[in-house]
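> mmCIF, C-alpha atoms, saved as final-v3.cif, coming up:
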```
data_final
#
loop_
_atom_site.label_atom_id
_atom_site.label_comp_id
_atom_site.auth_asym_id
_atom_site.auth_seq_id
_atom_site.Cartn_x
_atom_site.Cartn_y
_atom_site.Cartn_z
CA MET Y 127 5.01 6.73 -20.56
CA ARG Y 128 7.17 9.82 -20.15
CA SER Y 129 6.62 11.44 -16.77
CA LYS Y 130 5.59 14.86 -18.10
CA ARG Y 131 2.99 13.37 -20.40
CA PHE Y 132 1.81 11.06 -17.64
CA VAL Y 133 1.35 13.78 -15.03
CA ASP Y 134 -0.59 16.00 -17.45
CA ALA Y 135 -3.52 13.61 -16.97
CA TYR Y 136 -3.66 14.28 -13.22
CA PRO Y 137 -4.74 17.42 -11.33
CA GLU Y 138 -2.42 19.36 -9.06
CA THR Y 139 -5.05 19.05 -6.32
CA VAL Y 140 -8.44 17.41 -5.70
CA GLN Y 141 -11.41 17.86 -3.37
CA PRO Y 142 -11.47 14.59 -1.38
CA PHE Y 143 -14.61 15.18 0.68
CA VAL Y 144 -17.26 15.61 -2.01
CA GLY Y 145 -20.44 14.01 -0.66
CA ALA Y 146 -18.87 13.01 2.65
CA SER Y 147 -20.38 13.87 6.03
CA PRO Y 148 -19.10 16.80 8.14
CA GLU Y 149 -17.92 14.35 10.82
CA ILE Y 150 -15.70 12.56 8.33
CA ARG Y 151 -14.38 15.85 6.97
CA ASN Y 152 -13.48 17.09 10.45
CA ALA Y 153 -11.81 13.84 11.44
CA LEU Y 154 -9.82 13.35 8.26
CA GLN Y 155 -8.96 16.84 7.02
CA PRO Y 156 -5.35 16.71 8.33
CA ALA Y 157 -4.81 13.28 6.77
CA ALA Y 158 -6.15 14.53 3.45
CA ASP Y 159 -3.99 17.65 3.61
CA TRP Y 160 -0.82 15.63 4.11
CA SER Y 161 -1.67 13.27 1.25
CA LEU Y 162 -2.27 16.29 -0.98
CA HIS Y 163 1.05 17.76 0.17
CA PHE Y 164 2.92 14.64 -0.93
CA GLY Y 165 0.92 14.64 -4.14
CA ALA Y 166 1.82 18.24 -4.91
CA GLU Y 167 5.53 17.51 -4.48
CA LEU Y 168 5.29 14.41 -6.65
CA HIS Y 169 3.26 16.24 -9.29
CA ALA Y 170 5.88 18.99 -9.46
CA LEU Y 171 8.71 16.46 -9.76
CA LEU Y 172 7.01 14.59 -12.61
CA ALA Y 173 6.27 17.89 -14.35
CA GLY Y 174 9.99 18.66 -14.42
CA GLU Y 175 10.54 20.90 -11.41
CA THR Y 176 14.04 20.59 -9.97
CA PRO Y 177 13.94 18.65 -6.68
CA THR Y 178 15.90 19.66 -3.60
CA THR Y 179 17.00 17.66 -0.58
CA GLU Y 180 15.99 20.52 1.71
CA ARG Y 181 12.35 20.42 0.58
CA ALA Y 182 12.24 16.64 0.77
CA THR Y 183 13.69 16.66 4.28
CA LYS Y 184 11.26 19.32 5.47
CA LEU Y 185 8.30 17.33 4.13
CA VAL Y 186 9.40 14.00 5.59
CA GLN Y 187 10.32 15.45 8.99
CA GLY Y 188 7.06 17.37 9.25
CA TYR Y 189 5.07 14.31 8.28
CA THR Y 190 6.91 12.13 10.78
CA ARG Y 191 6.04 14.56 13.59
CA ALA Y 192 2.38 14.53 12.52
CA LEU Y 193 2.00 10.78 12.02
CA ASN Y 194 0.83 9.79 15.49
CA ALA Y 195 -2.05 12.26 15.31
CA LEU Y 196 -2.85 11.28 11.72
CA MET Y 197 -3.03 7.57 12.50
CA HIS Y 198 -5.20 8.30 15.53
CA SER Y 199 -7.59 10.37 13.40
CA LEU Y 200 -7.89 7.54 10.87
CA GLN Y 201 -8.64 5.03 13.63
CA THR Y 202 -11.20 7.41 15.13
CA ALA Y 203 -12.92 7.88 11.78
CA GLU Y 204 -13.34 4.12 11.42
CA THR Y 205 -15.41 4.04 14.61
CA LEU Y 206 -17.78 6.87 13.67
CA ASP Y 207 -21.35 5.71 13.19
CA THR Y 208 -21.68 8.06 10.22
CA VAL Y 209 -18.97 6.24 8.29
CA VAL Y 210 -21.38 3.44 7.39
CA GLU Y 211 -24.14 5.75 6.22
CA THR Y 212 -22.88 6.53 2.72
CA ASP Y 213 -20.58 5.11 0.09
CA GLU Y 214 -18.88 8.51 -0.06
CA ASN Y 215 -17.74 8.22 3.56
CA TRP Y 216 -16.24 4.80 2.89
CA ARG Y 217 -14.61 6.09 -0.28
CA VAL Y 218 -12.88 8.92 1.60
CA LEU Y 219 -11.65 6.56 4.30
CA GLN Y 220 -10.33 4.12 1.69
CA SER Y 221 -8.59 6.86 -0.28
CA LEU Y 222 -6.56 7.77 2.80
CA GLY Y 223 -5.13 4.28 3.09
CA PHE Y 224 -2.17 6.07 1.52
CA HIS Y 225 -0.84 6.79 5.00
CA SER Y 226 -0.26 3.21 6.13
CA LEU Y 227 2.12 2.71 3.20
CA ALA Y 228 3.54 6.24 3.20
CA ALA Y 229 4.59 5.87 6.84
CA ALA Y 230 6.59 2.79 5.88
CA SER Y 231 8.15 4.27 2.75
CA LEU Y 232 9.43 7.64 3.96
CA GLY Y 233 13.00 6.68 3.08
CA ILE Y 234 11.93 6.00 -0.51
CA TRP Y 235 9.92 9.23 -0.63
CA HIS Y 236 12.92 11.20 0.61
CA SER Y 237 15.19 9.68 -2.02
CA VAL Y 238 12.72 10.34 -4.85
CA LEU Y 239 11.87 13.91 -3.84
CA SER Y 240 15.57 14.69 -3.31
CA GLY Y 241 16.25 13.85 -6.94
CA ASN Y 242 18.18 10.64 -6.36
CA THR Y 243 18.15 8.11 -9.17
CA HIS Y 244 19.08 5.11 -7.02
CA ILE Y 245 17.06 3.77 -4.08
CA HIS Y 246 19.27 2.07 -1.50
CA ARG Y 247 18.44 -1.59 -0.91
CA ASP Y 248 18.30 -1.18 2.89
CA VAL Y 249 15.72 1.59 2.54
CA VAL Y 250 13.56 -0.66 0.37
CA HIS Y 251 13.90 -3.63 2.71
CA GLU Y 252 12.93 -1.58 5.75
CA ALA Y 253 9.79 -0.41 3.92
CA GLN Y 254 8.92 -4.01 3.06
CA MET Y 255 9.54 -5.11 6.64
CA GLN Y 256 7.34 -2.43 8.15
CA VAL Y 257 4.46 -3.12 5.76
CA ALA Y 258 4.77 -6.88 6.19
CA VAL Y 259 4.88 -6.74 10.00
CA ARG Y 260 1.73 -4.63 10.14
CA THR Y 261 -0.05 -6.79 7.59
CA VAL Y 262 0.72 -10.06 9.36
CA HIS Y 263 -0.72 -8.71 12.61
CA GLU Y 264 -3.85 -7.71 10.66
CA MET Y 265 -3.89 -11.14 9.02
CA LYS Y 266 -4.00 -12.79 12.45
CA GLU Y 267 -7.05 -10.71 13.43
CA ARG Y 268 -8.70 -11.47 10.09
CA THR Y 269 -8.04 -15.21 10.44
CA ASP Y 270 -9.56 -15.22 13.92
CA ALA Y 271 -12.64 -13.38 12.62
CA VAL Y 272 -13.14 -15.79 9.71
CA ASN Y 273 -12.72 -18.80 12.01
CA THR Y 274 -15.37 -17.36 14.32
CA ILE Y 275 -18.09 -16.22 11.89
CA GLY Y 276 -17.13 -17.98 8.67
CA TYR Y 277 -15.78 -16.58 5.42
CA SER Y 278 -19.19 -15.79 3.91
CA ALA Y 279 -20.25 -13.61 6.84
CA TYR Y 280 -16.86 -11.91 7.00
CA ILE Y 281 -16.71 -10.96 3.33
CA ALA Y 282 -20.35 -9.84 3.30
CA GLY Y 283 -19.52 -6.94 5.63
CA GLU Y 284 -18.23 -3.61 4.35
CA GLU Y 285 -15.48 -3.55 6.96
CA GLY Y 286 -14.27 -7.01 5.94
CA ARG Y 287 -14.07 -6.06 2.28
CA ARG Y 288 -12.28 -2.81 3.08
CA THR Y 289 -9.77 -4.58 5.32
CA ASP Y 290 -9.11 -7.15 2.60
CA GLY Y 291 -8.56 -4.35 0.11
CA GLU Y 292 -6.03 -2.61 2.35
CA MET Y 293 -4.18 -5.85 3.06
CA THR Y 294 -4.08 -6.77 -0.63
CA GLU Y 295 -2.65 -3.34 -1.39
CA ALA Y 296 -0.01 -3.88 1.30
CA ASP Y 297 0.88 -7.30 -0.10
CA THR Y 298 1.17 -5.81 -3.57
CA TYR Y 299 3.51 -3.14 -2.26
CA VAL Y 300 5.73 -5.72 -0.54
CA ALA Y 301 5.93 -7.73 -3.76
CA ALA Y 302 6.38 -4.71 -6.04
CA LEU Y 303 9.25 -3.35 -3.96
CA GLY Y 304 11.12 -6.48 -4.94
CA ILE Y 305 11.35 -4.83 -8.36
CA THR Y 306 13.12 -1.84 -6.80
CA LYS Y 307 15.63 -4.17 -5.16
CA LYS Y 308 16.39 -5.61 -8.60
CA TYR Y 309 16.25 -2.27 -10.43
CA PRO Y 310 17.21 0.46 -7.90
CA HIS Y 311 16.34 3.23 -10.38
CA ILE Y 312 12.67 2.16 -10.38
CA ALA Y 313 10.89 3.57 -7.34
CA ILE Y 314 7.41 2.49 -6.30
CA LEU Y 315 5.36 4.73 -4.02
CA PRO Y 316 1.84 4.77 -2.57
CA ALA Y 317 -0.31 7.09 -4.66
CA PRO Y 318 -1.39 10.38 -3.01
CA LEU Y 319 -4.92 11.70 -3.49
CA GLN Y 320 -4.17 13.52 -6.76
CA PHE Y 321 -3.38 10.16 -8.34
CA GLU Y 322 -5.61 7.89 -6.24
CA SER Y 323 -8.80 9.95 -6.52
CA SER Y 324 -8.35 11.99 -9.68
CA ASN Y 325 -11.26 13.42 -11.64
CA SER Y 326 -10.78 10.70 -14.24
CA HIS Y 327 -11.63 7.46 -12.43
CA GLN Y 328 -10.21 5.43 -15.31
CA LYS Y 329 -6.73 6.62 -14.37
CA ASN Y 330 -6.90 6.22 -10.58
CA MET Y 331 -4.19 4.14 -8.94
CA ASP Y 332 -3.06 2.79 -5.58
CA LEU Y 333 0.68 2.71 -6.35
CA ILE Y 334 2.83 4.67 -8.77
CA ALA Y 335 6.04 3.41 -10.37
CA LEU Y 336 8.77 5.82 -11.48
CA ASP Y 337 11.88 5.26 -13.57
CA LEU Y 338 14.11 7.85 -11.94
CA ARG Y 339 16.77 7.74 -14.64
CA GLU Y 340 14.64 7.80 -17.77
CA ASP Y 341 11.68 9.85 -16.45
CA HIS Y 342 8.89 7.35 -17.00
CA ALA Y 343 5.82 6.79 -14.81
CA TYR Y 344 2.98 4.28 -14.59
CA GLY Y 345 0.20 3.38 -12.14
CA ILE Y 346 -0.91 0.20 -10.38
CA GLN Y 347 -4.50 -0.36 -9.26
CA VAL Y 348 -5.00 -3.19 -6.76
CA LYS Y 349 -8.07 -5.42 -6.42
CA THR Y 350 -8.58 -8.27 -3.96
CA GLN Y 351 -10.42 -10.13 -6.71
CA ALA Y 352 -10.64 -8.28 -10.01
CA THR Y 353 -13.63 -8.69 -12.29
CA ASP Y 354 -13.75 -8.22 -16.05
CA GLY Y 355 -15.43 -4.91 -15.34
CA ASP Y 356 -12.54 -3.81 -13.12
CA THR Y 357 -10.02 -4.58 -15.83
CA ALA Y 358 -12.04 -2.77 -18.50
CA ARG Y 359 -12.65 0.26 -16.28
CA TYR Y 360 -9.04 1.44 -16.17
CA ASP Y 361 -7.06 3.06 -18.95
CA PRO Y 362 -4.12 0.73 -19.71
CA ARG Y 363 -2.04 3.66 -20.94
CA TYR Y 364 -1.84 4.86 -17.34
CA VAL Y 365 -2.81 2.02 -15.03
CA MET Y 366 -2.56 -1.75 -14.81
CA VAL Y 367 -4.70 -3.86 -12.48
CA VAL Y 368 -3.11 -6.28 -10.01
CA ASP Y 369 -5.47 -9.08 -9.00
CA GLY Y 370 -4.93 -10.45 -5.49
CA ARG Y 371 -6.04 -13.92 -6.52
CA ILE Y 372 -4.26 -14.23 -9.85
CA ASP Y 373 -1.17 -12.02 -9.58
CA LEU Y 374 -0.46 -12.55 -5.87
CA ASP Y 375 -1.95 -16.04 -5.52
CA ASN Y 376 -3.52 -14.85 -2.26
CA VAL Y 377 -5.97 -17.75 -1.95
CA LYS Y 378 -6.52 -20.68 0.40
CA ARG Y 379 -9.24 -23.09 1.40
CA ALA Y 380 -11.60 -21.72 4.05
CA ARG Y 381 -14.88 -22.75 5.64
CA ARG Y 382 -17.86 -20.87 4.28
CA VAL Y 383 -19.57 -21.14 7.67
CA PRO Y 384 -18.07 -22.20 11.02
CA ASN Y 385 -18.41 -25.79 12.24
CA LYS Y 386 -19.20 -27.03 8.73
CA SER Y 387 -16.89 -29.18 6.64
CA MET Y 388 -17.62 -27.49 3.30
CA GLU Y 389 -14.72 -25.32 2.17
CA ILE Y 390 -14.30 -22.84 -0.66
CA GLN Y 391 -11.33 -21.28 -2.40
CA ALA Y 392 -11.23 -17.93 -0.61
CA SER Y 393 -9.29 -14.72 -1.09
CA TRP Y 394 -6.70 -14.59 1.68
CA PRO Y 395 -4.67 -11.37 1.80
CA GLY Y 396 -1.57 -11.34 3.95
CA LEU Y 397 0.07 -14.44 2.50
CA ILE Y 398 2.66 -12.40 0.58
CA SER Y 399 3.65 -10.48 3.70
CA ALA Y 400 3.80 -13.63 5.81
CA HIS Y 401 6.02 -15.42 3.32
CA PHE Y 402 8.23 -12.34 2.99
CA LEU Y 403 8.85 -12.34 6.75
CA GLN Y 404 9.60 -16.05 6.73
CA GLU Y 405 12.18 -15.57 3.99
CA SER Y 406 13.84 -12.45 5.40
CA PRO Y 407 16.98 -12.94 7.49
CA ARG Y 408 16.83 -11.88 11.12
CA THR Y 409 19.20 -8.96 10.67
CA THR Y 410 17.21 -6.23 12.39
CA THR Y 411 19.29 -4.75 15.21
CA LYS Y 412 18.37 -2.18 17.85
CA LYS Y 413 20.03 0.51 15.74
CA ARG Y 414 18.15 -0.44 12.56
CA ALA Y 415 14.94 -0.94 14.53
CA SER Y 416 14.90 2.79 15.26
CA ASN Y 417 14.09 3.30 11.56
CA LEU Y 418 11.10 0.97 11.71
CA PHE Y 419 7.86 2.50 12.99
CA ALA Y 420 9.83 5.70 13.64
CA HIS Y 421 6.61 7.66 14.09
CA ASP Y 422 5.32 5.41 16.88
CA LYS Y 423 6.21 6.21 20.47
CA VAL Y 424 7.87 2.85 21.01
CA THR Y 425 11.39 1.82 21.88
CA ALA Y 426 13.75 -0.14 19.66
CA ILE Y 427 13.22 -3.15 21.93
CA GLN Y 428 9.45 -2.92 21.41
CA VAL Y 429 9.96 -2.71 17.65
CA LEU Y 430 12.12 -5.83 17.73
CA GLN Y 431 9.48 -7.60 19.80
CA ARG Y 432 6.75 -6.60 17.33
CA SER Y 433 8.87 -7.80 14.42
CA ASN Y 434 9.70 -11.12 16.09
CA GLN Y 435 6.08 -11.66 17.04
CA ALA Y 436 5.05 -11.08 13.42
CA ARG Y 437 7.60 -13.66 12.27
CA TYR Y 438 6.16 -16.15 14.75
CA LEU Y 439 2.61 -15.38 13.59
CA ALA Y 440 3.68 -15.76 9.96
CA GLY Y 441 4.92 -19.26 10.71
CA GLN Y 442 1.62 -20.11 12.39
CA LEU Y 443 -0.51 -18.64 9.62
CA VAL Y 444 1.20 -20.09 6.55
CA GLY Y 445 3.23 -22.98 7.94
CA GLN Y 446 5.38 -24.70 5.34
CA THR Y 447 3.31 -23.69 2.32
CA LYS Y 448 5.16 -22.68 -0.84
CA SER Y 449 6.21 -19.04 -0.83
CA ARG Y 450 4.26 -16.78 -3.15
CA THR Y 451 6.41 -13.66 -2.83
CA HIS Y 452 8.99 -14.21 -5.58
CA ASP Y 453 6.43 -15.36 -8.13
CA ALA Y 454 4.17 -12.40 -7.33
CA THR Y 455 7.07 -9.99 -7.82
CA MET Y 456 7.89 -11.54 -11.18
CA ARG Y 457 4.28 -11.36 -12.40
CA ILE Y 458 4.05 -7.68 -11.49
CA GLU Y 459 7.51 -6.97 -12.91
CA ASP Y 460 6.78 -8.51 -16.31
CA ARG Y 461 3.70 -6.38 -16.84
CA LEU Y 462 4.99 -3.21 -15.20
CA LEU Y 463 8.20 -3.02 -17.21
CA TYR Y 464 6.23 -3.47 -20.42
CA HIS Y 465 3.74 -0.70 -19.62
CA LEU Y 466 6.29 1.66 -18.10
CA TYR Y 467 8.13 2.14 -21.38
CA ILE Y 468 5.42 2.13 -24.06
#
```
Take the structure in the file and give it back as structure tokens.

Amino acid sequence: MRSKRFVDAYPETVQPFVGASPEIRNALQPAADWSLHFGAELHALLAGETPTTERATKLVQGYTRALNALMHSLQTAETLDTVVETDENWRVLQSLGFHSLAAASLGIWHSVLSGNTHIHRDVVHEAQMQVAVRTVHEMKERTDAVNTIGYSAYIAGEEGRRTDGEMTEADTYVAALGITKKYPHIAILPAPLQFESSNSHQKNMDLIALDLREDHAYGIQVKTQATDGDTARYDPRYVMVVDGRIDLDNVKRARRVPNKSMEIQASWPGLISAHFLQESPRTTTKKRASNLFAHDKVTAIQVLQRSNQARYLAGQLVGQTKSRTHDATMRIEDRLLYHLYI
């Protein structure tokens, strides 16, 4: 769909805290404001406003300076007792998952908002690396939890389901960015609040794809395990649903309860990221490491250590199993390119 027609379906701003508790509002207001800021810039670009490098640089630099505090506020919000009291609180926290992917994709954001029509391959790869490294560390924690309490107990908890959703979204982003490597004029970004939590729930998305040369746009909604109801809920003119089980093949055998032999076919987010790290050459140097996790107060050596540890964990977690990453990218690509241009 043409970008101008696409963006007409989305508001220039939204109210993210409707129904949420005051504690959640206070903790997450800065995170919401920054997501809305990115959304406003993206909305203006899709509506036809002329982009400038100066505005893009100012946004990205300001966001980078604020990221430590933003990530801390998100972590703090997760520990608040009030977060479990209402679905609205969980919804707000989930909607701000934007930041974990935005922090990794600032190079892509800068290129898009500067008006570039070509995303450099190194910028894309660094985004994939950062997302994959974080996701594999989360996958290790998730695997330990499932081994301790069993898959049934893990997935029954709200926190487990939310974590799986975030990891599936991260895996989808890693796979989808493979499309940008193949077609550098197609950028894929995490969706800010205006697009993730719009007034029309049928058009909400987690990721947004842009053809920077031809001015087309389309959304991607991610589900760990999509139901028929999920698929029917979204308007296919604006959004397609990526299923973690079917499109990503993020499944493996797992014990329903610990110390029992019975296994089930379980959703297992993180496999895409782990395989991506296994396949990626060890080309990260100290100089390039400074671009990874740039918002964290860590040295290049620490970044390299984190990356190498994630590679080691990936080998432990997936072993010699067949890589899913390429096939997942192709499944998403086939559907996305069809929808992007109709």
> Using all atoms listed in the file, list the residues that have an atom at most 10 Å from (-7.1, -14.9, -0.6), coordinates as in the file, as a ChimeraX atom specification.
/Y:290,294,350-351,370-372,374-380,391-397
> If you measure from atom CA of Y:Glu180 to atom CA of Y:Glu167, what distance in Å do you get, rounded to one decimal?
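Taking atom CA of Y:Glu180 and atom CA of Y:Glu167, their separation equals 12.5 Å.
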> Please enumerate the residues selected by the PyMOL selection byres ((chain Y and resi 222) around 8) when evaluated against the supplied file, formatted as a list in words.
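Going through the file, the PyMOL selection byres ((chain Y and resi 222) around 8) ends up selecting Ala157, Ala158, Ser161, Val218, Leu219, Gln220, Ser221, Gly223, Phe224, His225 and Leu319 of chain Y.
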> Written as a PyMOL selection string, what is the full residue list that the PyMOL selection byres ((chain Y and resi 242-245) around 12) yields on the file shown?
chain Y and resi 171+176-179+182+231-241+246-253+303-315+336-341
> Could you save those same residues with C-alpha atoms as a PDB file, in the coordinates of the input?

```pdb
ATOM      1  CA  LEU Y 171       8.710  16.460  -9.760  1.00  0.00           C
ATOM      2  CA  THR Y 176      14.040  20.590  -9.970  1.00  0.00           C
ATOM      3  CA  PRO Y 177      13.940  18.650  -6.680  1.00  0.00           C
ATOM      4  CA  THR Y 178      15.900  19.660  -3.600  1.00  0.00           C
ATOM      5  CA  THR Y 179      17.000  17.660  -0.580  1.00  0.00           C
ATOM      6  CA  ALA Y 182      12.240  16.640   0.770  1.00  0.00           C
ATOM      7  CA  SER Y 231       8.150   4.270   2.750  1.00  0.00           C
ATOM      8  CA  LEU Y 232       9.430   7.640   3.960  1.00  0.00           C
ATOM      9  CA  GLY Y 233      13.000   6.680   3.080  1.00  0.00           C
ATOM     10  CA  ILE Y 234      11.930   6.000  -0.510  1.00  0.00           C
ATOM     11  CA  TRP Y 235       9.920   9.230  -0.630  1.00  0.00           C
ATOM     12  CA  HIS Y 236      12.920  11.200   0.610  1.00  0.00           C
ATOM     13  CA  SER Y 237      15.190   9.680  -2.020  1.00  0.00           C
ATOM     14  CA  VAL Y 238      12.720  10.340  -4.850  1.00  0.00           C
ATOM     15  CA  LEU Y 239      11.870  13.910  -3.840  1.00  0.00           C
ATOM     16  CA  SER Y 240      15.570  14.690  -3.310  1.00  0.00           C
ATOM     17  CA  GLY Y 241      16.250  13.850  -6.940  1.00  0.00           C
ATOM     18  CA  HIS Y 246      19.270   2.070  -1.500  1.00  0.00           C
ATOM     19  CA  ARG Y 247      18.440  -1.590  -0.910  1.00  0.00           C
ATOM     20  CA  ASP Y 248      18.300  -1.180   2.890  1.00  0.00           C
ATOM     21  CA  VAL Y 249      15.720   1.590   2.540  1.00  0.00           C
ATOM     22  CA  VAL Y 250      13.560  -0.660   0.370  1.00  0.00           C
ATOM     23  CA  HIS Y 251      13.900  -3.630   2.710  1.00  0.00           C
ATOM     24  CA  GLU Y 252      12.930  -1.580   5.750  1.00  0.00           C
ATOM     25  CA  ALA Y 253       9.790  -0.410   3.920  1.00  0.00           C
ATOM     26  CA  LEU Y 303       9.250  -3.350  -3.960  1.00  0.00           C
ATOM     27  CA  GLY Y 304      11.120  -6.480  -4.940  1.00  0.00           C
ATOM     28  CA  ILE Y 305      11.350  -4.830  -8.360  1.00  0.00           C
ATOM     29  CA  THR Y 306      13.120  -1.840  -6.800  1.00  0.00           C
ATOM     30  CA  LYS Y 307      15.630  -4.170  -5.160  1.00  0.00           C
ATOM     31  CA  LYS Y 308      16.390  -5.610  -8.600  1.00  0.00           C
ATOM     32  CA  TYR Y 309      16.250  -2.270 -10.430  1.00  0.00           C
ATOM     33  CA  PRO Y 310      17.210   0.460  -7.900  1.00  0.00           C
ATOM     34  CA  HIS Y 311      16.340   3.230 -10.380  1.00  0.00           C
ATOM     35  CA  ILE Y 312      12.670   2.160 -10.380  1.00  0.00           C
ATOM     36  CA  ALA Y 313      10.890   3.570  -7.340  1.00  0.00           C
ATOM     37  CA  ILE Y 314       7.410   2.490  -6.300  1.00  0.00           C
ATOM     38  CA  LEU Y 315       5.360   4.730  -4.020  1.00  0.00           C
ATOM     39  CA  LEU Y 336       8.770   5.820 -11.480  1.00  0.00           C
ATOM     40  CA  ASP Y 337      11.880   5.260 -13.570  1.00  0.00           C
ATOM     41  CA  LEU Y 338      14.110   7.850 -11.940  1.00  0.00           C
ATOM     42  CA  ARG Y 339      16.770   7.740 -14.640  1.00  0.00           C
ATOM     43  CA  GLU Y 340      14.640   7.800 -17.770  1.00  0.00           C
ATOM     44  CA  ASP Y 341      11.680   9.850 -16.450  1.00  0.00           C
TER      45      ASP Y 341
END
```
> I need the residue nearest Y:His169 from this list: Y:Leu196, Y:Ala282, Y:Leu227, Y:Ala343. Use all atoms listed in the file for the distance.
Y:Ala343
> What does the structure give for the distance between atom CA of Y:Glu204 and atom CA of Y:Arg268, in Å to one decimal?
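Result for atom CA of Y:Glu204 versus atom CA of Y:Arg268: 16.3 Å, one decimal.
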> Closest to Y:Glu405 among Y:Met293, Y:Ile346, Y:Met255, Y:Glu322, using all atoms listed in the file?
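With all atoms listed in the file as the atom set, the closest residue is Y:Met255.
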> Can you measure atom CA of Y:Val348 to atom CA of Y:Val368 for me? One decimal in Å is fine.
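For atom CA of Y:Val348 relative to atom CA of Y:Val368, the distance reads 4.9 Å.
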> For Y:Lys266, please output as a PyMOL selection string all residues within 12 Å (counting only C-alpha atoms; exclusion window: fewer than 5 positions along the same chain).
chain Y and resi 259-261+271-273+293+394-397+399-400+435-444
> For stretch 348-360 of chain Y, take all atoms listed in the file, fit an axis-aligned box around them, add 8 Å to each of the six sides, then output centre and edge lengths in Å rounded to one decimal, as JSON.

```
{"center_x": -10.2, "center_y": -4.3, "center_z": -11.2, "size_x": 26.4, "size_y": 27.6, "size_z": 30.5}
```
> Determine, counting all atoms listed in the file, every residue of protein, DNA or RNA that lies within 12 Å of (-17.2, 14.8, 10.1) in the file coordinates, then give the result as a tab-separated table (two decimals) with C-alpha atoms, in the frame of the given file.

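And here's out.tsv as it stands now:
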```
chain	number	residue	atom	x	y	z
Y	143	PHE	CA	-14.61	15.18	0.68
Y	145	GLY	CA	-20.44	14.01	-0.66
Y	146	ALA	CA	-18.87	13.01	2.65
Y	147	SER	CA	-20.38	13.87	6.03
Y	148	PRO	CA	-19.10	16.80	8.14
Y	149	GLU	CA	-17.92	14.35	10.82
Y	150	ILE	CA	-15.70	12.56	8.33
Y	151	ARG	CA	-14.38	15.85	6.97
Y	152	ASN	CA	-13.48	17.09	10.45
Y	153	ALA	CA	-11.81	13.84	11.44
Y	154	LEU	CA	-9.82	13.35	8.26
Y	155	GLN	CA	-8.96	16.84	7.02
Y	199	SER	CA	-7.59	10.37	13.40
Y	200	LEU	CA	-7.89	7.54	10.87
Y	202	THR	CA	-11.20	7.41	15.13
Y	203	ALA	CA	-12.92	7.88	11.78
Y	204	GLU	CA	-13.34	4.12	11.42
Y	205	THR	CA	-15.41	4.04	14.61
Y	206	LEU	CA	-17.78	6.87	13.67
Y	207	ASP	CA	-21.35	5.71	13.19
Y	208	THR	CA	-21.68	8.06	10.22
Y	209	VAL	CA	-18.97	6.24	8.29
Y	215	ASN	CA	-17.74	8.22	3.56
Y	218	VAL	CA	-12.88	8.92	1.60
Y	219	LEU	CA	-11.65	6.56	4.30
```
> Kindly resolve the PyMOL selection byres ((chain Y and resi 317) around 6) on the present coordinates and return the residues as a short mmCIF file (atom, residue, chain, number, x, y, z; two decimals) with C-alpha atoms, keeping the file's coordinate frame.

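The file below, part-v6.cif, is the result:
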```cif
data_model
loop_
_atom_site.label_atom_id
_atom_site.label_comp_id
_atom_site.auth_asym_id
_atom_site.auth_seq_id
_atom_site.Cartn_x
_atom_site.Cartn_y
_atom_site.Cartn_z
CA PRO Y 316 1.84 4.77 -2.57
CA PRO Y 318 -1.39 10.38 -3.01
CA PHE Y 321 -3.38 10.16 -8.34
CA GLU Y 322 -5.61 7.89 -6.24
CA ASP Y 332 -3.06 2.79 -5.58
CA LEU Y 333 0.68 2.71 -6.35
CA ILE Y 334 2.83 4.67 -8.77
#
```
> Closest to Y:Arg457 among Y:Asn194, Y:Ser278, Y:Gln256, Y:Thr298, using only C-alpha atoms?
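That would be Y:Thr298, the residue with the smallest distance to Y:Arg457.
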> Given only C-alpha atoms as the basis, pick out the residue of Y:Arg191, Y:Arg450, Y:Tyr364, Y:Ser326 nearest to Y:Ile468.
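Closest to Y:Ile468 of all the choices is Y:Tyr364.
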> Which one is closest to Y:Val144: Y:Thr274, Y:Asn330, Y:Thr190, Y:Ser323? Count all atoms listed in the file.
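Of Y:Thr274, Y:Asn330, Y:Thr190, Y:Ser323, the one nearest Y:Val144, counting all atoms listed in the file, is Y:Ser323.
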